[in-house]
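S.K.: Coordinates in protein-v8.cif, mmCIF, C-alpha atoms and all ligand atoms, are listed below.
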```
data_upload
#
loop_
_atom_site.label_atom_id
_atom_site.label_comp_id
_atom_site.auth_asym_id
_atom_site.auth_seq_id
_atom_site.Cartn_x
_atom_site.Cartn_y
_atom_site.Cartn_z
CA MET N 885 -5.02 16.73 27.40
CA GLN N 886 -7.28 14.22 25.62
CA THR N 887 -5.87 10.68 25.57
CA VAL N 888 -5.57 9.01 22.18
CA VAL N 889 -6.06 5.26 21.88
CA ALA N 890 -4.31 4.26 18.64
CA VAL N 891 -5.81 1.16 17.03
CA ASP N 892 -4.61 -0.85 14.04
CA ILE N 893 -7.25 -3.36 12.93
CA GLY N 894 -5.95 -6.05 10.58
CA ASN N 895 -7.45 -9.35 9.48
CA SER N 896 -5.62 -11.41 12.14
CA SER N 897 -5.25 -9.00 15.03
CA ILE N 898 -6.30 -5.77 16.66
CA LYS N 899 -3.30 -3.80 17.98
CA LEU N 900 -3.77 -0.90 20.34
CA ALA N 901 -1.72 1.51 22.43
CA VAL N 902 -2.80 4.28 24.78
CA ASP N 903 0.35 6.35 24.49
CA PRO N 904 3.18 6.55 21.92
CA LYS N 905 5.55 5.05 24.53
CA ALA N 906 3.12 2.47 25.93
CA VAL N 907 3.33 -1.26 25.26
CA VAL N 908 1.28 -2.23 22.22
CA VAL N 909 -1.41 -4.78 23.11
CA VAL N 910 -2.02 -7.35 20.37
CA VAL N 911 -5.49 -8.93 20.45
CA ASP N 912 -5.91 -12.06 18.36
CA ALA N 913 -8.94 -11.52 16.11
CA SER N 914 -9.87 -15.20 16.35
CA LEU N 915 -10.51 -15.04 20.12
CA PRO N 916 -14.16 -15.19 21.18
CA ASP N 917 -15.86 -11.81 21.79
CA GLU N 918 -15.44 -12.05 25.60
CA GLY N 919 -11.71 -12.76 25.27
CA ARG N 920 -11.11 -9.78 22.98
CA ALA N 921 -13.31 -7.54 25.14
CA GLN N 922 -11.36 -8.52 28.28
CA LEU N 923 -7.98 -7.70 26.71
CA ILE N 924 -9.23 -4.36 25.39
CA SER N 925 -10.87 -3.51 28.70
CA ASP N 926 -7.62 -4.33 30.59
CA ALA N 927 -5.54 -2.28 28.15
CA THR N 928 -7.72 0.82 28.56
CA ARG N 929 -8.62 0.49 32.26
CA ASP N 930 -6.50 3.47 33.38
CA VAL N 931 -7.39 5.69 30.44
CA GLY N 932 -9.51 8.72 31.34
CA SER N 933 -12.99 9.17 29.93
CA ARG N 934 -13.49 11.37 26.82
CA SER N 935 -10.56 9.66 25.10
CA GLN N 936 -10.33 9.58 21.35
CA TRP N 937 -10.01 6.20 19.62
CA LEU N 938 -8.11 6.79 16.38
CA VAL N 939 -8.51 3.71 14.23
CA CYS N 940 -6.89 2.49 11.01
CA SER N 941 -8.79 -0.53 9.78
CA VAL N 942 -8.91 -3.01 6.91
CA ASP N 943 -11.50 -5.29 8.55
CA LYS N 944 -15.12 -4.10 8.62
CA VAL N 945 -16.50 -6.79 10.97
CA GLN N 946 -13.83 -6.23 13.65
CA THR N 947 -14.31 -2.47 13.32
CA GLU N 948 -18.06 -2.63 13.84
CA TRP N 949 -17.54 -4.91 16.84
CA LEU N 950 -14.96 -2.58 18.42
CA GLU N 951 -17.05 0.53 17.79
CA ALA N 952 -20.03 -1.12 19.49
CA TRP N 953 -17.80 -2.15 22.42
CA VAL N 954 -16.54 1.43 22.86
CA LEU N 955 -20.07 2.83 22.65
CA THR N 956 -21.33 0.44 25.33
CA ASN N 957 -18.34 0.39 27.66
CA ARG N 958 -16.83 3.86 27.23
CA PRO N 959 -19.77 6.04 26.17
CA ASN N 960 -17.91 9.32 26.70
CA ASP N 961 -15.10 8.39 24.30
CA SER N 962 -15.10 9.22 20.59
CA PHE N 963 -14.38 6.65 17.87
CA HIS N 964 -12.75 8.00 14.73
CA LEU N 965 -11.94 5.88 11.70
CA VAL N 966 -9.02 7.34 9.74
CA ALA N 967 -10.33 8.28 6.27
CA ALA N 968 -8.32 8.23 3.06
CA ASN N 969 -8.68 12.00 2.65
CA GLU N 970 -7.07 12.59 6.06
CA ILE N 971 -3.80 11.07 4.85
CA SER N 972 -1.94 13.66 2.82
CA LEU N 973 -0.11 11.45 0.39
CA ALA N 974 -0.94 11.44 -3.32
CA SER N 975 -1.18 7.98 -4.86
CA HIS N 976 -1.02 6.67 -8.42
CA VAL N 977 -3.50 3.87 -7.64
CA ARG N 978 -6.69 3.99 -9.69
CA ASP N 979 -9.07 3.88 -6.73
CA ARG N 980 -7.78 5.59 -3.57
CA GLU N 981 -10.77 4.38 -1.50
CA ALA N 982 -10.03 0.75 -2.45
CA LEU N 983 -6.36 1.03 -1.43
CA GLY N 984 -5.93 -0.63 1.99
CA ARG N 985 -6.00 2.16 4.57
CA ASP N 986 -3.03 0.45 6.29
CA ARG N 987 -1.02 0.67 3.06
CA LEU N 988 -1.81 4.34 2.54
CA LEU N 989 -1.08 5.25 6.16
CA ALA N 990 2.15 3.20 6.29
CA SER N 991 3.31 4.78 3.02
CA TRP N 992 2.57 8.30 4.28
CA TYR N 993 4.41 7.58 7.53
CA ALA N 994 7.35 5.97 5.71
CA ALA N 995 7.75 9.17 3.67
CA ASP N 996 7.46 11.22 6.88
CA GLN N 997 10.13 9.12 8.62
CA ALA N 998 12.47 9.05 5.60
CA GLY N 999 12.20 12.88 5.55
CA ASP N 1000 13.08 15.55 2.99
CA GLY N 1001 11.17 13.91 0.13
CA ALA N 1002 13.37 10.79 0.38
CA ASN N 1003 12.12 7.62 -1.33
CA ALA N 1004 10.71 4.85 0.84
CA ILE N 1005 9.66 1.22 0.58
CA VAL N 1006 7.40 -0.25 3.24
CA VAL N 1007 6.80 -3.95 3.81
CA ASP N 1008 3.98 -5.12 6.09
CA ALA N 1009 4.03 -8.91 6.55
CA GLY N 1010 0.70 -9.88 8.11
CA THR N 1011 -2.25 -12.00 6.97
CA ALA N 1012 -1.36 -10.65 3.56
CA VAL N 1013 2.06 -9.18 2.76
CA THR N 1014 2.13 -5.76 1.19
CA ILE N 1015 5.07 -3.91 -0.33
CA ASP N 1016 4.56 -0.25 -1.23
CA VAL N 1017 6.83 2.31 -2.86
CA VAL N 1018 6.84 6.05 -2.18
CA LEU N 1019 8.82 8.21 -4.57
CA ARG N 1020 9.28 11.91 -3.86
CA ASN N 1021 6.19 12.01 -1.61
CA GLU N 1022 3.93 10.10 -4.02
CA HIS N 1023 2.71 6.55 -3.53
CA LEU N 1024 3.60 4.74 -6.76
CA GLY N 1025 1.74 1.46 -6.12
CA GLY N 1026 2.60 -1.85 -4.55
CA LEU N 1027 2.35 -5.60 -4.29
CA ILE N 1028 0.02 -7.88 -2.32
CA PHE N 1029 0.51 -11.59 -1.72
CA PRO N 1030 -0.57 -14.18 0.90
CA GLY N 1031 1.25 -14.11 4.24
CA THR N 1032 2.72 -17.08 6.08
CA ALA N 1033 -0.38 -18.41 7.86
CA THR N 1034 -2.50 -17.79 4.77
CA CYS N 1035 -0.07 -19.81 2.60
CA LEU N 1036 0.06 -22.61 5.17
CA SER N 1037 -3.75 -22.93 5.26
CA ALA N 1038 -4.09 -22.65 1.49
CA VAL N 1039 -1.54 -25.35 0.68
CA SER N 1040 -3.37 -27.72 3.02
CA SER N 1041 -6.88 -26.96 1.76
CA GLN N 1042 -5.79 -27.40 -1.87
CA THR N 1043 -4.11 -30.79 -1.35
CA ASP N 1044 -5.08 -34.21 -0.04
CA ALA N 1045 -1.94 -35.06 1.94
CA LEU N 1046 -0.69 -31.81 3.42
CA PRO N 1047 -1.66 -30.88 7.01
CA ASP N 1048 -2.70 -27.35 8.01
CA LEU N 1049 0.30 -25.93 9.88
CA ALA N 1050 -0.94 -22.36 10.12
CA GLN N 1051 -0.91 -22.48 13.94
CA GLN N 1052 2.57 -24.03 14.23
CA PRO N 1053 5.45 -21.92 15.57
CA ALA N 1054 7.88 -20.56 13.01
CA PRO N 1055 10.96 -22.74 12.40
CA GLU N 1056 14.39 -21.25 13.05
CA LEU N 1057 15.66 -19.73 9.81
CA ARG N 1058 19.23 -18.95 8.71
CA THR N 1059 20.64 -16.80 5.95
CA GLU N 1060 21.05 -19.95 3.77
CA VAL N 1061 18.06 -22.01 2.65
CA SER N 1062 17.49 -25.06 4.93
CA LEU N 1063 15.81 -28.32 3.89
CA GLY N 1064 13.12 -30.30 5.74
CA LEU N 1065 13.54 -34.04 6.36
CA SER N 1066 9.84 -34.85 6.63
CA THR N 1067 6.57 -33.34 5.42
CA GLU N 1068 5.94 -30.89 8.26
CA PRO N 1069 9.36 -29.26 8.34
CA ALA N 1070 9.42 -29.25 4.54
CA ILE N 1071 6.17 -27.25 4.48
CA LEU N 1072 7.12 -24.94 7.35
CA LEU N 1073 10.60 -24.23 6.00
CA GLY N 1074 9.26 -23.92 2.47
CA VAL N 1075 6.59 -21.36 3.35
CA HIS N 1076 8.57 -19.34 5.90
CA GLN N 1077 11.62 -19.16 3.62
CA LEU N 1078 9.40 -18.31 0.65
CA GLN N 1079 8.18 -15.31 2.62
CA LEU N 1080 11.56 -14.14 3.88
CA PHE N 1081 13.62 -14.71 0.75
CA GLY N 1082 10.76 -13.67 -1.55
CA ILE N 1083 10.39 -10.37 0.28
CA VAL N 1084 14.15 -9.76 0.40
CA SER N 1085 14.66 -10.40 -3.30
CA MET N 1086 11.66 -8.34 -4.45
CA VAL N 1087 12.58 -5.41 -2.24
CA ARG N 1088 16.22 -5.60 -3.39
CA SER N 1089 14.99 -5.33 -6.98
CA LEU N 1090 12.86 -2.31 -6.03
CA GLU N 1091 15.88 -0.73 -4.30
CA GLN N 1092 17.77 -0.98 -7.61
CA GLN N 1093 14.90 0.73 -9.41
CA TYR N 1094 14.43 3.40 -6.74
CA PRO N 1095 17.90 4.08 -5.37
CA ASP N 1096 18.35 5.54 -1.90
CA ALA N 1097 14.91 4.36 -0.80
CA VAL N 1098 14.67 3.84 2.95
CA VAL N 1099 13.14 0.42 3.69
CA TYR N 1100 10.73 -0.04 6.64
CA CYS N 1101 9.47 -3.49 7.70
CA CYS N 1102 6.62 -4.33 10.05
CA GLY N 1103 3.95 -6.96 10.69
CA GLY N 1104 3.61 -10.15 12.72
CA ALA N 1105 5.55 -12.38 10.35
CA PHE N 1106 8.78 -10.46 10.95
CA ALA N 1107 8.58 -11.10 14.71
CA SER N 1108 10.89 -14.11 14.56
CA VAL N 1109 13.06 -13.26 11.52
CA HIS N 1110 13.79 -9.55 11.59
CA ALA N 1111 17.40 -10.24 12.60
CA LEU N 1112 17.88 -11.84 9.17
CA LEU N 1113 16.79 -8.75 7.23
CA PRO N 1114 19.45 -6.67 5.46
CA GLU N 1115 21.17 -4.41 7.99
CA SER N 1116 20.23 -1.18 6.26
CA TRP N 1117 16.50 -1.96 6.54
CA SER N 1118 14.60 -0.60 9.47
CA TYR N 1119 12.40 -3.06 11.39
CA ARG N 1120 9.64 -1.18 13.21
CA GLN N 1121 7.39 -3.72 14.89
CA HIS N 1122 4.34 -1.51 15.33
CA PHE N 1123 4.79 0.92 12.44
CA LEU N 1124 1.04 1.48 12.00
CA ILE N 1125 0.54 2.36 15.67
CA ASP N 1126 3.43 4.86 15.46
CA ALA N 1127 1.86 6.20 12.24
CA ILE N 1128 -1.50 6.78 13.95
CA PHE N 1129 0.09 8.83 16.76
CA ARG N 1130 2.02 10.82 14.15
CA LEU N 1131 -1.15 11.35 12.09
CA LYS N 1132 -2.91 12.68 15.19
CA GLN N 1133 -0.43 15.57 15.25
CA SER N 1134 -1.45 16.57 11.72
CA LEU N 1135 -5.25 16.23 12.06
N1 LIG N 1201 5.92 -15.17 16.06
C1 LIG N 1201 5.61 -15.23 14.77
N2 LIG N 1201 6.49 -15.76 13.89
C2 LIG N 1201 6.18 -15.80 12.56
N3 LIG N 1201 5.02 -15.36 12.05
C3 LIG N 1201 4.13 -14.84 12.88
C4 LIG N 1201 4.37 -14.72 14.27
N4 LIG N 1201 3.28 -14.12 14.82
C5 LIG N 1201 2.44 -13.86 13.81
N5 LIG N 1201 2.93 -14.31 12.65
C6 LIG N 1201 2.32 -14.17 11.31
O1 LIG N 1201 1.81 -12.86 11.24
C7 LIG N 1201 0.45 -12.86 10.81
C8 LIG N 1201 -0.31 -11.83 11.59
O2 LIG N 1201 0.39 -10.61 11.51
P1 LIG N 1201 -0.36 -9.25 11.84
O3 LIG N 1201 -1.01 -9.33 13.16
O4 LIG N 1201 0.64 -8.16 11.61
O5 LIG N 1201 -1.47 -9.28 10.70
P2 LIG N 1201 -2.67 -8.28 10.42
O6 LIG N 1201 -2.16 -6.88 10.60
O7 LIG N 1201 -3.86 -8.65 11.21
O8 LIG N 1201 -2.90 -8.64 8.89
P3 LIG N 1201 -3.29 -7.74 7.64
O9 LIG N 1201 -2.74 -6.35 7.91
O10 LIG N 1201 -2.63 -8.39 6.48
O11 LIG N 1201 -4.77 -7.76 7.61
C9 LIG N 1201 -0.06 -14.25 11.08
O12 LIG N 1201 -1.00 -14.58 10.09
C10 LIG N 1201 1.19 -15.09 10.99
O13 LIG N 1201 1.38 -15.48 9.64
C1 LIG N 1202 -3.92 -6.26 1.65
C2 LIG N 1202 -4.43 -5.98 3.05
C3 LIG N 1202 -5.32 -7.12 3.51
C4 LIG N 1202 -3.20 -5.92 3.97
O1 LIG N 1202 -3.60 -5.60 5.26
C5 LIG N 1202 -5.16 -4.62 3.13
O2 LIG N 1202 -4.30 -3.61 2.78
C6 LIG N 1202 -6.38 -4.57 2.24
O3 LIG N 1202 -7.41 -5.12 2.58
N1 LIG N 1202 -6.25 -3.90 1.07
C7 LIG N 1202 -7.33 -3.69 0.13
C8 LIG N 1202 -6.87 -3.83 -1.28
C9 LIG N 1202 -5.72 -2.95 -1.70
O4 LIG N 1202 -4.94 -2.44 -0.87
O5 LIG N 1202 -5.56 -2.73 -2.92
#
```
Can I see the file as structure tokens?
Ligand SMILES: Nc1ncnc2c1ncn2[C@@H]1O[C@H](COP(=O)(O)OP(=O)(O)OP(=O)(O)O)[C@@H](O)[C@H]1O
Ligand SMILES: CC(C)(CO)[C@@H](O)C(=O)NCCC(=O)O

M.R.:
Amino acid sequence: MQTVVAVDIGNSSIKLAVDPKAVVVVVDASLPDEGRAQLISDATRDVGSRSQWLVCSVDKVQTEWLEAWVLTNRPNDSFHLVAANEISLASHVRDREALGRDRLLASWYAADQAGDGANAIVVDAGTAVTIDVVLRNEHLGGLIFPGTATCLSAVSSQTDALPDLAQQPAPELRTEVSLGLSTEPAILLGVHQLQLFGIVSMVRSLEQQYPDAVVYCCGGAFASVHALLPESWSYRQHFLIDAIFRLKQSL
């Protein structure tokens, strides 16, 4: 059987897996070309030729780079970019092509996982955070706002005194709001708690409006805080990768 390499290209990382049960390899998009190429080459070393790369992307430059890498290094493979019309979920958004492919795919998969036409809310906390609502198998629309690292860089570039802490590790968070005792912890706690508590309160409001919605959370920013999410929410670290393997079954 043909191997599928599932690839999720975001603005901060390329994630790929060669099997639904395989470890997902996360390649930092800011690495130099050789570094990214090495990680991708290692991850696909044992994959047979004539594999199909099934790619969901929101970053054109990374996509063109990866496609060129596959063409040069694995010329017998095929490279398929998931198109909006391959995702069978109606959406109320005005321009379906402009809707992030990751949002459309995650919404379709959330509805699939919730099952039986159940309502779903999907939160993807990456470079940008997105929250999308699916009601009775229709995507209603969503929200987009800057993610943690994006906020940390922005608050530094827009001020004179604040350092850029985008590369700093996440502080330990609790269910109550904690205070910082100097500038750096004040910024880190402020931004990380803004993300966590902002997401929780907006999604709780959506849950009131759309009762019985199943909530799915994914994206890099949940890596260190998913234990603090409401218990009924489902944290699925690599939701988009799972969605690509599921989509393959319906193509
Ligand atoms: N261990 C961590 N703890 C907290 N936040 C993290 C951690 N690792 C990554 N992040 C955050 O997650 C972001 C990257 O997440 P991810 O790789 O899911 O983004 P992406 O899919 O490339 O972005 P997008 O889909 O928005 O284009 C980083 O910008 C950073 O804010
Ligand atoms: C918001 C991001 C960056 C999140 O990955 C992506 O979904 C995107 O580039 N969206 C395009 C705009 C939109 O979804 O309306």

S.K.: Within 7 Å of ligand LIG 1202 (chain N) (counting all atoms listed in the file), which residues show up? I'd like them as a ChimeraX atom specification.

M.R.: /N:894-895,942,982-987,1010-1014,1028

S.K.: To one decimal in Å, tell me the separation between atom CA of N:Glu951 and atom CA of N:Asp917.

M.R.: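 If I compute the distance from atom CA of N:Glu951 to atom CA of N:Asp917, I get 13.0 Å.
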
S.K.: One decimal, in Å: what's the spacing between atom CA of N:Val1099 and atom CA of N:Glu1056?

M.R.: 23.6 Å

S.K.: Pick the closest to N:Leu973 from N:Arg929, N:His1023, N:Arg958, N:Arg934: which is it, counting all atoms listed in the file?

M.R.: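 The closest residue to N:Leu973 is N:His1023.
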
S.K.: Could you list, as a PyMOL selection string, all residues that come within 9 Å of ligand LIG 1201 (chain N)? Count all atoms listed in the file.

M.R.: chain N and resi 892-899+910-913+941-943+984+986-987+1008-1014+1030-1036+1050-1051+1053-1055+1076+1102-1109+1121-1122

S.K.: Given the point (-6.4, 7.1, 28.4) in the file's coordinates, find the residues that have an atom at most 6 Å from it, counting all atoms listed in the file, and give them as a compact mmCIF listing (two decimals) with C-alpha atoms, in the coordinates of the input.

M.R.:
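Saved file part.txt follows:
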```txt
# COMPACT_ATOMS: atom_id res chain seq x y z
CA THR N 887 -5.87 10.68 25.57
CA VAL N 902 -2.80 4.28 24.78
CA VAL N 931 -7.39 5.69 30.44
CA GLY N 932 -9.51 8.72 31.34
CA SER N 935 -10.56 9.66 25.10
```

S.K.: Between N:Gln1092, N:Gly919, N:Arg1120, N:Val909, which residue has the minimum interatomic distance to N:Gln997, considering all atoms listed in the file?

M.R.: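 Ranked by minimum distance to N:Gln997, first place goes to N:Arg1120.
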
S.K.: Please indicate the distance in Å from atom CA of N:Val1007 to atom CA of N:Val1075, rounded to one decimal place.

M.R.: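 Calculated distance between atom CA of N:Val1007 and atom CA of N:Val1075 is 17.4 Å.
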